[in-house]
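Here's the structure we're looking at; comments come further down.
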Amino acid sequence: DAGITQSPRHKVTETGTPVTLRCHQTENHRYMYWYRQDPGHGLRLIHYSYGVKDTDKGEVSDGYSVSRSKTEDFLLTLESATSSQTSVYFCAISGGRPPITGELFFGEGSRLTVL
Amino acid sequence: DAKTTQPPSMDCAEGRAANLPCNHSTISGNEYVYWYRQIHSQGPQYIIHGLKNNETNEMASLIITEDRKSSTLILPHATLRDTAVYYCIVRAVSGGGADGLTFGKGTHLIIQP
């Protein structure tokens with residue numbers, strides 16, 4: 001299995017509080033991604049990174065920011081959590097050259113509940 | 001990226017081959033076909049990908065029609081652990097980078113004992 005660790009795995013927080021989810025990889029892969037998954041919407045891309053300090057927005061980036069200061073870590077921050085951000089968040093990584101970059105390896109997910 | 005169409009659900013008997021179809025009639029010449037699956041509450045798992053030739057690995061086989069407008073994922077001897085949602089994704093992965101994959105609703109495959 002690809003070395004991907006997400007933390008925390010479960011978190012309950014209140015509306016308006018900041019939340020940071022961490023994705024850590026040991027594969028030295030270039031690309032990292034944050035997805036969210038909700039019933040009825042499937043998996044949606046939030047942000048992705050194509051290198052240290054290189055990030056870009058995905059389909060549902062509003063209300064989220066990311067940072068990647070090291071190859072192995074990709075942080076997802078909710079500056080002020082809202083109930084609509086209650087979701088399961090998945091981190092994914094990929095590396096190599098295309099088309100292998102289409103082979104994403106996913107973490108186990110972080111379940112966030114915003115009350 | 002080209003749009004894909006998959007049946008929302010399928011059943012298959014344990015031990016039989018599971019054949020999951022995917023229609024991608026607007027696929028472009030530089031677009032690959034990727035298959036993933038997601039077992040309940042776990043992260044999606046990469047299965048296989050192909051461009052125009054049939055592909056096989058330890059998990060499955062991918063059959064792409066000659067006109068590339070459809071494909072079939074084959075699980076040769078389905079087990080109960082193969083019950084999952086299977087996603088067919090078409091994506092042009094060029095040299096410029098990798099901005100992720102777009103997941104649709106997929107096919108919920110249920111393996112019956």
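Residue numbering restarts at 1 for every chain of the structure tokens, chains are lettered A, B, ... in their displayed order, and ligands are numbered from 1 as they appear.
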
Practice task
Using DSSP on the backbone, list every residue of chain B that comes out as strand (DSSP E), and give them as an NGL selection string.
Solution key: :B and (9-13 or 18-23 or 31-38 or 45-50 or 55-56 or 61-64 or 70-75 or 84-92 or 107-112)

Now that the selection is made, can you save its residues with C-alpha atoms as a JSON list (two decimals), in the first residue's frame?
```json
[["chain", "number", "residue", "atom", "x", "y", "z"],
["B", 9, "SER", "CA", -25.84, -0.86, -10.37],
["B", 10, "MET", "CA", -25.11, -4.46, -11.30],
["B", 11, "ASP", "CA", -25.29, -7.85, -9.64],
["B", 12, "CYS", "CA", -22.94, -10.76, -10.20],
["B", 13, "ALA", "CA", -22.77, -14.22, -8.66],
["B", 18, "ALA", "CA", -18.09, -9.55, -13.53],
["B", 19, "ASN", "CA", -18.24, -7.43, -16.67],
["B", 20, "LEU", "CA", -18.66, -3.72, -16.05],
["B", 21, "PRO", "CA", -19.41, -1.58, -19.10],
["B", 22, "CYS", "CA", -18.52, 2.04, -19.70],
["B", 23, "ASN", "CA", -19.53, 4.24, -22.58],
["B", 31, "GLU", "CA", -7.42, 10.38, -23.51],
["B", 32, "TYR", "CA", -6.82, 7.32, -21.40],
["B", 33, "VAL", "CA", -9.46, 5.17, -19.72],
["B", 34, "TYR", "CA", -8.92, 4.66, -15.98],
["B", 35, "TRP", "CA", -10.83, 2.38, -13.65],
["B", 36, "TYR", "CA", -11.06, 2.77, -9.91],
["B", 37, "ARG", "CA", -13.16, 1.17, -7.25],
["B", 38, "GLN", "CA", -14.27, 2.25, -3.82],
["B", 45, "GLN", "CA", -8.39, 2.19, -5.29],
["B", 46, "TYR", "CA", -6.73, 2.31, -8.70],
["B", 47, "ILE", "CA", -7.44, -0.80, -10.77],
["B", 48, "ILE", "CA", -6.16, -0.40, -14.32],
["B", 49, "HIS", "CA", -5.84, 1.99, -17.24],
["B", 50, "GLY", "CA", -5.49, 1.78, -21.00],
["B", 55, "GLU", "CA", -4.76, -4.49, -20.67],
["B", 56, "THR", "CA", -4.54, -7.06, -17.90],
["B", 61, "SER", "CA", -8.71, -6.94, -17.48],
["B", 62, "LEU", "CA", -9.67, -3.91, -19.51],
["B", 63, "ILE", "CA", -11.17, -4.38, -22.94],
["B", 64, "ILE", "CA", -11.39, -1.25, -25.11],
["B", 70, "SER", "CA", -16.62, 2.02, -24.95],
["B", 71, "SER", "CA", -14.76, -0.28, -22.62],
["B", 72, "THR", "CA", -15.40, -3.18, -20.26],
["B", 73, "LEU", "CA", -13.72, -3.93, -16.99],
["B", 74, "ILE", "CA", -13.61, -7.65, -16.28],
["B", 75, "LEU", "CA", -13.12, -9.15, -12.84],
["B", 84, "ALA", "CA", -17.82, -1.84, -4.41],
["B", 85, "VAL", "CA", -18.55, 1.21, -6.53],
["B", 86, "TYR", "CA", -16.56, 1.08, -9.76],
["B", 87, "TYR", "CA", -15.61, 4.30, -11.53],
["B", 88, "CYS", "CA", -14.72, 4.64, -15.19],
["B", 89, "ILE", "CA", -12.79, 7.84, -15.88],
["B", 90, "VAL", "CA", -11.54, 9.26, -19.14],
["B", 91, "ARG", "CA", -8.67, 11.69, -18.86],
["B", 92, "ALA", "CA", -6.09, 13.30, -21.06],
["B", 107, "THR", "CA", -21.49, 1.46, -10.94],
["B", 108, "HIS", "CA", -22.38, -0.19, -7.66],
["B", 109, "LEU", "CA", -21.38, -3.81, -8.17],
["B", 110, "ILE", "CA", -22.94, -6.25, -5.73],
["B", 111, "ILE", "CA", -21.51, -9.76, -5.60],
["B", 112, "GLN", "CA", -24.14, -12.24, -4.54]]
```

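Atom CA of Thr65 of chain B to atom CA of Lys3 of chain B spans 16.4 Å [interatomic distance, one decimal].
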
Handout entry: All residues 7 Å or closer to segment 85-100 of chain A, only C-alpha atoms, same chain fewer than 6 positions away omitted, as an NGL selection string
Key = (:A and (23 or 29-38 or 106-114)) or (:B and (43 or 93-95))

Written selection (N, CA, C and O atoms) as a CSV table (one decimal), in the first residue's frame:
```csv
chain,number,residue,atom,x,y,z
A,23,CYS,N,-2.1,15.7,5.4
A,23,CYS,CA,-1.8,14.5,4.6
A,23,CYS,C,-0.3,14.3,4.5
A,23,CYS,O,0.4,15.3,4.1
A,29,HIS,N,6.2,11.3,-3.9
A,29,HIS,CA,5.4,11.6,-5.1
A,29,HIS,C,5.3,13.1,-5.3
A,29,HIS,O,5.1,13.9,-4.3
A,30,ARG,N,5.2,13.6,-6.5
A,30,ARG,CA,5.2,15.0,-6.9
A,30,ARG,C,3.8,15.6,-6.6
A,30,ARG,O,3.6,16.7,-6.1
A,31,TYR,N,2.8,14.8,-7.0
A,31,TYR,CA,1.4,15.4,-7.0
A,31,TYR,C,0.6,14.9,-5.8
A,31,TYR,O,0.6,13.8,-5.4
A,32,MET,N,-0.1,15.9,-5.2
A,32,MET,CA,-1.0,15.6,-4.1
A,32,MET,C,-2.3,16.3,-4.3
A,32,MET,O,-2.3,17.4,-4.9
A,33,TYR,N,-3.3,15.7,-3.7
A,33,TYR,CA,-4.7,16.1,-4.0
A,33,TYR,C,-5.5,16.0,-2.7
A,33,TYR,O,-5.3,15.2,-1.9
A,34,TRP,N,-6.5,16.9,-2.6
A,34,TRP,CA,-7.5,16.8,-1.6
A,34,TRP,C,-8.9,16.8,-2.3
A,34,TRP,O,-9.2,17.6,-3.1
A,35,TYR,N,-9.6,15.7,-1.9
A,35,TYR,CA,-11.0,15.5,-2.4
A,35,TYR,C,-11.9,15.5,-1.2
A,35,TYR,O,-11.5,15.2,0.0
A,36,ARG,N,-13.2,15.9,-1.4
A,36,ARG,CA,-14.2,15.6,-0.4
A,36,ARG,C,-15.3,14.7,-1.1
A,36,ARG,O,-15.5,14.7,-2.3
A,37,GLN,N,-15.9,14.0,-0.2
A,37,GLN,CA,-17.0,13.0,-0.7
A,37,GLN,C,-18.2,13.2,0.2
A,37,GLN,O,-18.2,13.1,1.4
A,38,ASP,N,-19.3,13.5,-0.5
A,38,ASP,CA,-20.6,13.7,0.1
A,38,ASP,C,-21.7,12.8,-0.6
A,38,ASP,O,-21.6,12.7,-1.8
A,106,PHE,N,-5.0,6.7,-2.7
A,106,PHE,CA,-5.8,7.5,-1.8
A,106,PHE,C,-5.5,7.1,-0.3
A,106,PHE,O,-5.2,5.9,-0.1
A,107,GLY,N,-5.6,8.1,0.6
A,107,GLY,CA,-5.5,7.8,2.0
A,107,GLY,C,-6.9,7.2,2.5
A,107,GLY,O,-7.8,7.0,1.7
A,108,GLU,N,-6.9,7.0,3.8
A,108,GLU,CA,-8.1,6.3,4.4
A,108,GLU,C,-9.2,7.3,4.7
A,108,GLU,O,-10.3,6.8,5.1
A,109,GLY,N,-9.0,8.5,4.5
A,109,GLY,CA,-10.1,9.5,4.7
A,109,GLY,C,-10.1,10.1,6.1
A,109,GLY,O,-9.6,9.5,7.1
A,110,SER,N,-10.6,11.3,6.2
A,110,SER,CA,-10.8,12.1,7.4
A,110,SER,C,-12.2,12.5,7.5
A,110,SER,O,-12.7,13.2,6.6
A,111,ARG,N,-12.9,12.0,8.5
A,111,ARG,CA,-14.3,12.4,8.6
A,111,ARG,C,-14.5,13.6,9.5
A,111,ARG,O,-14.1,13.6,10.7
A,112,LEU,N,-15.0,14.7,8.9
A,112,LEU,CA,-15.1,15.9,9.7
A,112,LEU,C,-16.6,16.3,9.8
A,112,LEU,O,-17.4,16.2,8.9
A,113,THR,N,-17.0,16.5,11.1
A,113,THR,CA,-18.3,17.0,11.4
A,113,THR,C,-18.3,18.4,12.0
A,113,THR,O,-17.6,18.6,13.0
A,114,VAL,N,-19.0,19.3,11.4
A,114,VAL,CA,-19.1,20.7,11.8
A,114,VAL,C,-20.5,20.9,12.4
A,114,VAL,O,-21.5,20.8,11.7
B,43,GLY,N,-10.9,4.8,0.9
B,43,GLY,CA,-10.5,5.6,-0.3
B,43,GLY,C,-10.6,4.8,-1.6
B,43,GLY,O,-10.4,3.6,-1.6
B,93,VAL,N,-4.0,12.8,-20.0
B,93,VAL,CA,-2.9,13.1,-19.1
B,93,VAL,C,-1.7,13.5,-19.9
B,93,VAL,O,-1.0,12.7,-20.5
B,94,SER,N,-1.4,14.8,-20.0
B,94,SER,CA,-0.4,15.3,-20.9
B,94,SER,C,0.9,15.6,-20.1
B,94,SER,O,0.9,15.4,-18.9
B,95,GLY,N,1.8,16.0,-20.8
B,95,GLY,CA,3.1,16.3,-20.1
B,95,GLY,C,3.1,17.5,-19.2
B,95,GLY,O,4.1,17.7,-18.5
```

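Here atom CA of Arg16 of chain B is placed at a distance of 14.4 Å from atom CA of Met59 of chain B.
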
Handout entry: Atom pair atom CA of Gln25 of chain A / atom CA of Lys11 of chain A: separation (Å)
Key = 20.5 Å
